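Source file: entry_26.txt (compact mmCIF, C-alpha atoms)
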```
# COMPACT_ATOMS: atom_id res chain seq x y z
CA MET A 1 126.09 100.19 66.00
CA GLN A 2 125.19 103.07 63.65
CA THR A 3 124.17 100.68 60.86
CA ARG A 4 121.40 99.32 63.08
CA PHE A 5 119.64 102.70 63.26
CA LYS A 6 116.62 103.39 61.09
CA LEU A 7 115.77 107.05 60.62
CA LEU A 8 112.09 107.98 60.94
CA ILE A 9 111.01 111.29 59.42
CA SER A 10 107.23 111.25 59.00
CA VAL A 11 104.16 110.94 61.22
CA HIS A 12 102.71 108.80 58.44
CA ASN A 13 105.35 106.10 58.90
CA ASP A 14 103.75 102.82 60.02
CA THR A 15 106.18 102.47 62.94
CA ILE A 16 105.37 105.98 64.16
CA LYS A 17 101.65 105.33 63.77
CA GLN A 18 101.95 102.18 65.88
CA LEU A 19 104.01 103.98 68.52
CA SER A 20 101.48 106.81 68.67
CA LYS A 21 98.69 104.28 69.13
CA LEU A 22 100.55 102.69 72.06
CA VAL A 23 101.14 106.09 73.68
CA GLN A 24 97.52 107.16 73.33
CA GLN A 25 95.79 103.88 74.16
CA GLY A 26 96.67 102.04 77.34
CA ARG A 27 94.32 99.28 76.23
CA GLU A 28 96.51 98.69 73.20
CA GLN A 29 99.60 98.35 75.39
CA ARG A 30 97.84 95.76 77.52
CA LYS A 31 96.57 93.92 74.45
CA GLN A 32 100.07 93.65 73.01
CA GLY A 33 101.69 92.85 76.36
CA VAL A 34 104.03 95.84 76.22
CA MET A 35 104.71 99.07 78.10
CA LEU A 36 106.52 102.31 77.39
CA LEU A 37 109.66 103.40 79.20
CA GLU A 38 110.30 107.12 78.69
CA GLY A 39 113.70 108.55 79.53
CA ILE A 40 117.17 107.19 80.16
CA HIS A 41 116.62 106.32 83.84
CA LEU A 42 113.67 103.99 83.25
CA CYS A 43 115.29 102.38 80.22
CA GLU A 44 118.53 101.70 82.10
CA ALA A 45 116.62 100.22 85.04
CA GLY A 46 114.53 98.03 82.75
CA LEU A 47 117.59 96.75 80.91
CA ALA A 48 119.43 96.07 84.19
CA SER A 49 116.42 94.11 85.45
CA GLY A 50 116.45 91.84 82.42
CA TRP A 51 113.35 93.31 80.80
CA LYS A 52 113.19 92.76 77.04
CA ILE A 53 113.28 96.04 75.12
CA ALA A 54 111.76 95.35 71.70
CA GLN A 55 112.10 98.83 70.19
CA LEU A 56 114.13 101.88 71.16
CA PHE A 57 113.41 105.34 69.76
CA ILE A 58 116.31 107.78 70.14
CA ASN A 59 116.01 111.54 69.96
CA LEU A 60 118.54 112.80 67.39
CA ARG A 61 119.55 115.72 69.61
CA THR A 62 120.71 113.31 72.33
CA VAL A 63 122.07 110.40 70.30
CA SER A 64 125.69 111.32 71.08
CA LYS A 65 125.21 111.93 74.82
CA PRO A 66 127.53 109.62 76.82
CA GLU A 67 124.69 108.05 78.81
CA VAL A 68 122.74 107.32 75.63
CA VAL A 69 125.82 105.88 73.91
CA ASN A 70 126.48 103.70 76.96
CA LEU A 71 122.90 102.44 76.93
CA LEU A 72 123.02 101.64 73.23
CA GLN A 73 126.19 99.62 73.70
CA ARG A 74 124.32 97.35 76.09
CA MET A 75 121.28 96.82 73.90
CA PRO A 76 120.86 93.24 72.63
CA PRO A 77 120.92 92.64 68.86
CA SER A 78 117.20 91.83 68.91
CA THR A 79 116.27 95.42 69.84
CA GLN A 80 115.11 97.53 66.90
CA LEU A 81 116.77 100.95 66.97
CA PHE A 82 115.14 104.05 65.50
CA THR A 83 116.22 107.68 65.39
CA LEU A 84 113.88 110.64 64.94
CA ASP A 85 114.06 114.35 65.48
CA ASP A 86 112.88 116.18 68.57
CA ALA A 87 109.69 117.51 66.97
CA LEU A 88 108.54 114.10 65.74
CA LEU A 89 109.24 112.39 69.06
CA ALA A 90 107.40 115.19 70.90
CA LYS A 91 104.29 114.44 68.84
CA VAL A 92 104.08 110.84 70.09
CA SER A 93 105.45 111.22 73.63
CA ALA A 94 103.12 111.61 76.61
CA LEU A 95 105.61 113.97 78.27
CA ALA A 96 105.49 117.76 78.04
CA SER A 97 108.77 117.73 76.13
CA ALA A 98 110.34 114.98 74.08
CA PRO A 99 112.51 112.55 76.11
CA GLU A 100 116.02 111.48 75.15
CA ILE A 101 114.76 107.98 74.41
CA LEU A 102 111.53 106.02 74.45
CA ALA A 103 111.43 102.23 74.65
CA VAL A 104 108.73 99.71 73.87
CA CYS A 105 109.31 96.95 76.40
CA GLN A 106 107.75 93.53 76.86
CA ARG A 107 105.89 93.16 80.15
CA PRO A 108 107.81 90.85 82.49
CA THR A 109 106.44 87.56 83.75
CA PRO A 110 106.77 87.42 87.55
CA ALA A 111 108.30 84.40 89.24
CA PRO A 112 105.89 81.82 90.66
CA ALA A 113 104.38 83.15 93.87
CA ASN A 114 104.78 81.53 97.27
CA THR A 115 102.35 81.53 100.17
CA THR A 116 104.68 82.54 102.98
CA ASP A 117 106.10 85.99 102.20
CA SER A 118 104.38 89.21 103.18
CA ARG A 119 102.46 90.84 100.39
CA VAL A 120 100.11 93.65 99.40
CA LEU A 121 96.73 92.98 97.81
CA LEU A 122 95.08 95.85 95.95
CA GLU A 123 91.41 95.88 95.04
CA ASP A 124 90.24 98.20 92.26
CA ILE A 125 92.77 100.99 92.85
CA GLN A 126 91.93 103.53 90.14
CA ASP A 127 94.29 106.46 90.51
CA PRO A 128 97.70 105.98 88.83
CA GLY A 129 99.39 108.24 91.39
CA ASN A 130 97.97 106.22 94.28
CA LEU A 131 99.03 102.93 92.72
CA GLY A 132 102.53 104.17 91.95
CA THR A 133 102.97 105.47 95.50
CA ILE A 134 101.79 102.18 97.00
CA LEU A 135 104.26 100.25 94.83
CA ARG A 136 107.07 102.59 95.86
CA SER A 137 106.21 102.18 99.55
CA ALA A 138 105.99 98.40 99.21
CA ALA A 139 109.41 98.25 97.57
CA ALA A 140 110.95 100.58 100.15
CA SER A 141 109.50 98.61 103.06
CA GLY A 142 110.69 95.24 101.78
CA VAL A 143 107.28 93.78 100.88
CA ASN A 144 108.01 92.54 97.40
CA GLN A 145 104.85 90.78 96.24
CA VAL A 146 101.88 92.83 95.01
CA TYR A 147 98.61 91.36 93.74
CA LEU A 148 96.24 93.51 91.72
CA SER A 149 92.57 92.80 91.06
CA PRO A 150 91.23 93.01 87.48
CA GLY A 151 89.63 96.35 88.40
CA CYS A 152 92.93 98.11 89.13
CA VAL A 153 94.36 100.72 86.79
CA ASP A 154 97.01 99.24 84.49
CA VAL A 155 100.07 98.74 86.68
CA TYR A 156 102.40 99.21 83.69
CA SER A 157 100.80 102.41 82.42
CA THR A 158 103.15 105.34 81.84
CA LYS A 159 101.67 107.34 84.72
CA VAL A 160 102.02 104.46 87.20
CA LEU A 161 105.59 103.75 86.07
CA ARG A 162 106.47 107.40 86.59
CA ALA A 163 104.83 107.59 90.03
CA ALA A 164 106.46 104.38 91.24
CA MET A 165 109.97 105.74 90.59
CA GLY A 166 111.55 102.40 89.73
CA ALA A 167 109.59 100.17 92.14
CA HIS A 168 108.43 98.01 89.23
CA PHE A 169 111.95 96.72 88.78
CA VAL A 170 112.20 95.18 92.26
CA LEU A 171 108.66 93.92 92.81
CA ALA A 172 106.82 90.78 91.74
CA LEU A 173 103.59 92.15 90.28
CA TYR A 174 100.66 89.79 89.75
CA GLU A 175 97.95 91.32 87.57
CA GLN A 176 94.35 90.13 87.17
CA ALA A 177 94.62 88.31 90.49
CA ASP A 178 91.74 86.59 92.28
CA LEU A 179 92.30 88.28 95.64
CA VAL A 180 89.90 86.05 97.58
CA GLN A 181 91.72 83.00 96.31
CA GLN A 182 95.09 84.55 97.14
CA LEU A 183 94.02 85.27 100.72
CA GLN A 184 92.66 81.76 101.16
CA ALA A 185 96.02 80.32 100.10
CA PHE A 186 98.10 82.68 102.24
CA ASP A 187 99.72 81.15 105.34
CA GLY A 188 100.20 84.34 107.37
CA VAL A 189 98.05 87.01 109.01
CA LYS A 190 95.43 88.59 106.76
CA LEU A 191 94.75 92.24 107.53
CA VAL A 192 92.22 94.59 106.00
CA THR A 193 92.21 98.31 106.73
CA SER A 194 88.79 99.63 107.68
CA LEU A 195 87.42 102.81 109.23
CA GLU A 196 85.27 100.53 111.39
CA GLY A 197 88.18 98.28 112.35
CA ASN A 198 88.21 97.06 115.94
CA VAL A 199 92.01 96.80 116.21
CA SER A 200 94.40 99.75 116.11
CA LEU A 201 97.18 99.38 113.55
CA TYR A 202 99.67 100.13 116.33
CA ALA A 203 98.31 97.34 118.53
CA GLN A 204 98.43 94.70 115.79
CA ASP A 205 101.46 92.39 115.74
CA LEU A 206 103.01 92.75 112.28
CA ARG A 207 106.27 90.88 112.86
CA SER A 208 105.25 87.67 111.07
CA ALA A 209 104.18 87.24 107.45
CA VAL A 210 101.34 89.66 106.70
CA ALA A 211 98.97 90.16 103.79
CA PHE A 212 97.81 93.80 103.70
CA VAL A 213 94.59 94.41 101.77
CA PHE A 214 93.78 97.90 100.50
CA GLY A 215 90.61 98.77 98.65
CA ASN A 216 89.20 101.18 96.12
CA GLU A 217 89.53 104.90 96.81
CA GLY A 218 85.78 105.37 97.17
CA ALA A 219 84.26 101.96 97.93
CA GLY A 220 86.99 100.56 100.17
CA VAL A 221 87.46 96.81 100.57
CA SER A 222 84.68 94.53 99.32
CA ALA A 223 82.62 92.31 101.63
CA ALA A 224 84.14 89.21 100.04
CA LEU A 225 87.64 90.26 101.08
CA LEU A 226 86.55 91.52 104.48
CA ALA A 227 85.18 88.04 105.16
CA GLN A 228 88.65 86.54 104.62
CA ALA A 229 90.42 88.86 107.07
CA ASP A 230 91.89 87.71 110.36
CA ALA A 231 91.61 91.30 111.61
CA ARG A 232 90.16 94.61 110.52
CA VAL A 233 92.59 97.30 111.50
CA ARG A 234 92.03 101.02 111.74
CA ILE A 235 94.57 103.79 111.66
CA PRO A 236 93.92 106.05 114.66
CA MET A 237 93.01 109.56 113.53
CA PRO A 238 92.53 111.91 116.49
CA GLY A 239 92.13 114.87 114.16
CA ARG A 240 89.09 115.95 112.17
CA ALA A 241 89.81 114.24 108.85
CA GLU A 242 87.31 111.51 108.01
CA SER A 243 89.79 109.24 106.25
CA LEU A 244 93.22 108.96 104.70
CA ASN A 245 94.19 108.66 101.06
CA VAL A 246 94.67 104.95 100.28
CA ALA A 247 98.32 105.45 99.33
CA MET A 248 99.00 107.22 102.62
CA ALA A 249 97.18 104.50 104.57
CA ALA A 250 99.18 101.79 102.81
CA THR A 251 102.45 103.59 103.52
CA LEU A 252 101.63 103.92 107.23
CA CYS A 253 100.78 100.22 107.48
CA LEU A 254 103.87 99.05 105.63
CA PHE A 255 106.23 101.17 107.68
CA GLU A 256 104.57 100.30 110.97
CA ARG A 257 105.61 96.75 110.10
CA VAL A 258 109.16 97.99 109.49
CA ARG A 259 109.13 99.79 112.84
CA GLN A 260 107.98 96.68 114.70
CA LEU A 261 110.56 94.47 113.00
CA GLU A 262 113.38 96.90 113.82
CA ARG A 263 112.25 97.23 117.41
CA SER A 264 112.17 93.46 117.87
CA GLY A 265 115.53 93.02 116.14
CA SER A 266 114.04 90.80 113.43
```

What is this structure when it is put down as C-alpha cells?
Amino acid sequence: MQTRFKLLISVHNDTIKQLSKLVQQGREQRKQGVMLLEGIHLCEAGLASGWKIAQLFINLRTVSKPEVVNLLQRMPPSTQLFTLDDALLAKVSALASAPEILAVCQRPTPAPANTTDSRVLLEDIQDPGNLGTILRSAAASGVNQVYLSPGCVDVYSTKVLRAAMGAHFVLALYEQADLVQQLQAFDGVKLVTSLEGNVSLYAQDLRSAVAFVFGNEGAGVSAALLAQADARVRIPMPGRAESLNVAMAATLCLFERVRQLERSGS
C-alpha cells in the first residue's frame, strides 16, 4: 500500500493547485462532476455506498491511525493516494483545521426514477444549511427521492454535505430537474405548502404516495408549480411568527406523514 502514496510538499504542485481550485470554486466541482468529502466519516460512508473516490489526500499526522489504515485497505486500485503535511492540507481545506483525509469523489448517478414513490421537490433553495437539513429530514422520514430545480444551491457542495450528515448516501438526488414535468408525471397526491393554503397540514391525508413541494426561502413556490398542486396546505401557526424557515416547514410536513402512517398501522 505504501508504494501507492505520492508525497506532496508544495503549494505550487499541479495536483495541489487543482485541489485548491476545487475547494474554492463550487462551479469547478460541478463542471468536473466531482465533490469533496472531508473527514473519515464522510469518506467511509461514500466508499460503503459505492461512490467512486478518484483521489484521496491523507494528512501525514494521521496516516497511521487505525481508522485511516482500515479505510486505505478498502480503497480500490484506481484511487490515487497522496500524502501531505498538516500545514499544506490546511491551506486547501475549507475546514477551520486540516482534516485527517480529503477525497475527490465522482458524483453518483441516481437510479431511474419511478412515478409512484413519495418524494420531495425543491424549487430554488439557496441556503446550504436549509438544503442539508431538508435532505436529512427526508432520509430520516423514509422519503428517498429528492428533485432539485436548476436554481437550487449545489446539492453536493461541501456545506450541504456537512449539513445533511450522511443523508446523501441514502437518497436518490435528481439535479437540474424540471419540477413541473415531474409533478405532471407523478401518480400520487401533489402538495404545495403555502401561507395562503386552504387545507391544514394536519387535516390532509398523507398516507398514500405524496409529492411535497417546497419553494425558495424568500419567493416561495412559483405560480407554475402552484398550478400543478392537488392541494395547498398551510401549517397552523397560532403564535405571532409570520412564517417558518423552509427547512423547519419541510421537516414538519415529512414527519406528519410519518405520524399518520404509524397511527394507521401502515

Residues within 9 Å of range 120-133 of chain A, all atoms listed in the file, excluding chain neighbours under 4 positions, as an MDAnalysis selection string: chainID A and resid 137:138 143:155 157:165 167:168 177 179 182:183 210:217 220:222 245:248 250:251

Write to file, as a compact mmCIF listing (two decimals), in the frame of the given file, the residues of the selection just made, with C-alpha atoms.
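Written file, result-v8.txt:
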```
# COMPACT_ATOMS: atom_id res chain seq x y z
CA SER A 137 106.21 102.18 99.55
CA ALA A 138 105.99 98.40 99.21
CA VAL A 143 107.28 93.78 100.88
CA ASN A 144 108.01 92.54 97.40
CA GLN A 145 104.85 90.78 96.24
CA VAL A 146 101.88 92.83 95.01
CA TYR A 147 98.61 91.36 93.74
CA LEU A 148 96.24 93.51 91.72
CA SER A 149 92.57 92.80 91.06
CA PRO A 150 91.23 93.01 87.48
CA GLY A 151 89.63 96.35 88.40
CA CYS A 152 92.93 98.11 89.13
CA VAL A 153 94.36 100.72 86.79
CA ASP A 154 97.01 99.24 84.49
CA VAL A 155 100.07 98.74 86.68
CA SER A 157 100.80 102.41 82.42
CA THR A 158 103.15 105.34 81.84
CA LYS A 159 101.67 107.34 84.72
CA VAL A 160 102.02 104.46 87.20
CA LEU A 161 105.59 103.75 86.07
CA ARG A 162 106.47 107.40 86.59
CA ALA A 163 104.83 107.59 90.03
CA ALA A 164 106.46 104.38 91.24
CA MET A 165 109.97 105.74 90.59
CA ALA A 167 109.59 100.17 92.14
CA HIS A 168 108.43 98.01 89.23
CA ALA A 177 94.62 88.31 90.49
CA LEU A 179 92.30 88.28 95.64
CA GLN A 182 95.09 84.55 97.14
CA LEU A 183 94.02 85.27 100.72
CA VAL A 210 101.34 89.66 106.70
CA ALA A 211 98.97 90.16 103.79
CA PHE A 212 97.81 93.80 103.70
CA VAL A 213 94.59 94.41 101.77
CA PHE A 214 93.78 97.90 100.50
CA GLY A 215 90.61 98.77 98.65
CA ASN A 216 89.20 101.18 96.12
CA GLU A 217 89.53 104.90 96.81
CA GLY A 220 86.99 100.56 100.17
CA VAL A 221 87.46 96.81 100.57
CA SER A 222 84.68 94.53 99.32
CA ASN A 245 94.19 108.66 101.06
CA VAL A 246 94.67 104.95 100.28
CA ALA A 247 98.32 105.45 99.33
CA MET A 248 99.00 107.22 102.62
CA ALA A 250 99.18 101.79 102.81
CA THR A 251 102.45 103.59 103.52
```

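CA of Leu47 in chain A is found 23.9 Å from CA of Arg27 in chain A.
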
Pick from A:Val189, A:Leu60, A:Ala54, A:Ala203 nearest to Pro77 in chain A, counting only C-alpha atoms: A:Ala54

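Our summary of the geometry notes that CA of Gly166 in chain A is positioned 22.5 Å from CA of Glu256 in chain A.
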
Distance criterion (all atoms listed in the file): nearest to Asp85 in chain A out of A:Lys17, A:Leu8, A:Leu71, A:Arg107: A:Leu8

Would you mind putting N, CA and C atoms back on range 166-197 of chain A and writing the result as a PDB file, in the coordinates of the input?
```
ATOM      1  N   GLY A 166     110.656 103.550  89.795  1.00  0.00           N
ATOM      2  CA  GLY A 166     111.550 102.400  89.730  1.00  0.00           C
ATOM      3  C   GLY A 166     111.127 101.205  90.552  1.00  0.00           C
ATOM      4  N   ALA A 167     110.034 101.302  91.300  1.00  0.00           N
ATOM      5  CA  ALA A 167     109.590 100.170  92.140  1.00  0.00           C
ATOM      6  C   ALA A 167     109.253  98.941  91.312  1.00  0.00           C
ATOM      7  N   HIS A 168     108.791  99.145  90.087  1.00  0.00           N
ATOM      8  CA  HIS A 168     108.430  98.010  89.230  1.00  0.00           C
ATOM      9  C   HIS A 168     109.587  97.034  89.046  1.00  0.00           C
ATOM     10  N   PHE A 169     110.797  97.546  89.095  1.00  0.00           N
ATOM     11  CA  PHE A 169     111.950  96.720  88.780  1.00  0.00           C
ATOM     12  C   PHE A 169     112.382  95.809  89.929  1.00  0.00           C
ATOM     13  N   VAL A 170     111.817  96.008  91.114  1.00  0.00           N
ATOM     14  CA  VAL A 170     112.200  95.180  92.260  1.00  0.00           C
ATOM     15  C   VAL A 170     111.026  94.426  92.864  1.00  0.00           C
ATOM     16  N   LEU A 171     109.845  94.573  92.273  1.00  0.00           N
ATOM     17  CA  LEU A 171     108.660  93.920  92.810  1.00  0.00           C
ATOM     18  C   LEU A 171     108.199  92.786  91.899  1.00  0.00           C
ATOM     19  N   ALA A 172     107.544  91.794  92.499  1.00  0.00           N
ATOM     20  CA  ALA A 172     106.820  90.780  91.740  1.00  0.00           C
ATOM     21  C   ALA A 172     105.367  91.253  91.669  1.00  0.00           C
ATOM     22  N   LEU A 173     104.915  91.583  90.465  1.00  0.00           N
ATOM     23  CA  LEU A 173     103.590  92.150  90.280  1.00  0.00           C
ATOM     24  C   LEU A 173     102.681  91.131  89.600  1.00  0.00           C
ATOM     25  N   TYR A 174     101.588  90.801  90.259  1.00  0.00           N
ATOM     26  CA  TYR A 174     100.660  89.790  89.750  1.00  0.00           C
ATOM     27  C   TYR A 174      99.354  90.484  89.367  1.00  0.00           C
ATOM     28  N   GLU A 175      99.150  90.653  88.061  1.00  0.00           N
ATOM     29  CA  GLU A 175      97.950  91.320  87.570  1.00  0.00           C
ATOM     30  C   GLU A 175      96.779  90.348  87.476  1.00  0.00           C
ATOM     31  N   GLN A 176      95.577  90.917  87.370  1.00  0.00           N
ATOM     32  CA  GLN A 176      94.350  90.130  87.170  1.00  0.00           C
ATOM     33  C   GLN A 176      94.208  89.032  88.214  1.00  0.00           C
ATOM     34  N   ALA A 177      94.594  89.329  89.436  1.00  0.00           N
ATOM     35  CA  ALA A 177      94.620  88.310  90.490  1.00  0.00           C
ATOM     36  C   ALA A 177      93.241  88.128  91.132  1.00  0.00           C
ATOM     37  N   ASP A 178      92.936  86.894  91.485  1.00  0.00           N
ATOM     38  CA  ASP A 178      91.740  86.590  92.280  1.00  0.00           C
ATOM     39  C   ASP A 178      92.145  86.790  93.743  1.00  0.00           C
ATOM     40  N   LEU A 179      91.803  87.932  94.313  1.00  0.00           N
ATOM     41  CA  LEU A 179      92.300  88.280  95.640  1.00  0.00           C
ATOM     42  C   LEU A 179      91.729  87.382  96.734  1.00  0.00           C
ATOM     43  N   VAL A 180      90.489  86.969  96.589  1.00  0.00           N
ATOM     44  CA  VAL A 180      89.900  86.050  97.580  1.00  0.00           C
ATOM     45  C   VAL A 180      90.685  84.749  97.588  1.00  0.00           C
ATOM     46  N   GLN A 181      90.952  84.240  96.416  1.00  0.00           N
ATOM     47  CA  GLN A 181      91.720  83.000  96.310  1.00  0.00           C
ATOM     48  C   GLN A 181      93.126  83.163  96.885  1.00  0.00           C
ATOM     49  N   GLN A 182      93.753  84.301  96.616  1.00  0.00           N
ATOM     50  CA  GLN A 182      95.090  84.550  97.140  1.00  0.00           C
ATOM     51  C   GLN A 182      95.094  84.603  98.663  1.00  0.00           C
ATOM     52  N   LEU A 183      94.091  85.220  99.254  1.00  0.00           N
ATOM     53  CA  LEU A 183      94.020  85.270 100.720  1.00  0.00           C
ATOM     54  C   LEU A 183      93.769  83.885 101.301  1.00  0.00           C
ATOM     55  N   GLN A 184      92.939  83.109 100.657  1.00  0.00           N
ATOM     56  CA  GLN A 184      92.660  81.760 101.160  1.00  0.00           C
ATOM     57  C   GLN A 184      93.908  80.895 101.157  1.00  0.00           C
ATOM     58  N   ALA A 185      94.797  81.130 100.203  1.00  0.00           N
ATOM     59  CA  ALA A 185      96.020  80.320 100.100  1.00  0.00           C
ATOM     60  C   ALA A 185      97.151  80.842 100.970  1.00  0.00           C
ATOM     61  N   PHE A 186      97.014  82.046 101.492  1.00  0.00           N
ATOM     62  CA  PHE A 186      98.100  82.680 102.240  1.00  0.00           C
ATOM     63  C   PHE A 186      98.227  82.069 103.637  1.00  0.00           C
ATOM     64  N   ASP A 187      99.469  81.825 104.064  1.00  0.00           N
ATOM     65  CA  ASP A 187      99.720  81.150 105.340  1.00  0.00           C
ATOM     66  C   ASP A 187      99.858  82.092 106.529  1.00  0.00           C
ATOM     67  N   GLY A 188      99.965  83.396 106.275  1.00  0.00           N
ATOM     68  CA  GLY A 188     100.200  84.340 107.370  1.00  0.00           C
ATOM     69  C   GLY A 188      98.949  85.039 107.853  1.00  0.00           C
ATOM     70  N   VAL A 189      99.145  86.215 108.457  1.00  0.00           N
ATOM     71  CA  VAL A 189      98.050  87.010 109.010  1.00  0.00           C
ATOM     72  C   VAL A 189      97.454  87.874 107.902  1.00  0.00           C
ATOM     73  N   LYS A 190      96.129  87.860 107.814  1.00  0.00           N
ATOM     74  CA  LYS A 190      95.430  88.590 106.760  1.00  0.00           C
ATOM     75  C   LYS A 190      94.767  89.827 107.376  1.00  0.00           C
ATOM     76  N   LEU A 191      95.222  90.995 106.933  1.00  0.00           N
ATOM     77  CA  LEU A 191      94.750  92.240 107.530  1.00  0.00           C
ATOM     78  C   LEU A 191      94.078  93.129 106.481  1.00  0.00           C
ATOM     79  N   VAL A 192      92.938  93.664 106.850  1.00  0.00           N
ATOM     80  CA  VAL A 192      92.220  94.590 106.000  1.00  0.00           C
ATOM     81  C   VAL A 192      92.072  95.913 106.751  1.00  0.00           C
ATOM     82  N   THR A 193      92.404  97.009 106.099  1.00  0.00           N
ATOM     83  CA  THR A 193      92.210  98.310 106.730  1.00  0.00           C
ATOM     84  C   THR A 193      90.746  98.714 106.596  1.00  0.00           C
ATOM     85  N   SER A 194      90.196  99.249 107.681  1.00  0.00           N
ATOM     86  CA  SER A 194      88.790  99.630 107.680  1.00  0.00           C
ATOM     87  C   SER A 194      88.571 100.757 108.684  1.00  0.00           C
ATOM     88  N   LEU A 195      87.744 101.728 108.299  1.00  0.00           N
ATOM     89  CA  LEU A 195      87.420 102.810 109.230  1.00  0.00           C
ATOM     90  C   LEU A 195      86.680 102.277 110.448  1.00  0.00           C
ATOM     91  N   GLU A 196      85.997 101.139 110.277  1.00  0.00           N
ATOM     92  CA  GLU A 196      85.270 100.530 111.390  1.00  0.00           C
ATOM     93  C   GLU A 196      86.065  99.400 112.040  1.00  0.00           C
ATOM     94  N   GLY A 197      87.359  99.351 111.781  1.00  0.00           N
ATOM     95  CA  GLY A 197      88.180  98.280 112.350  1.00  0.00           C
ATOM     96  C   GLY A 197      88.192  98.313 113.867  1.00  0.00           C
TER      97      GLY A 197
END
```
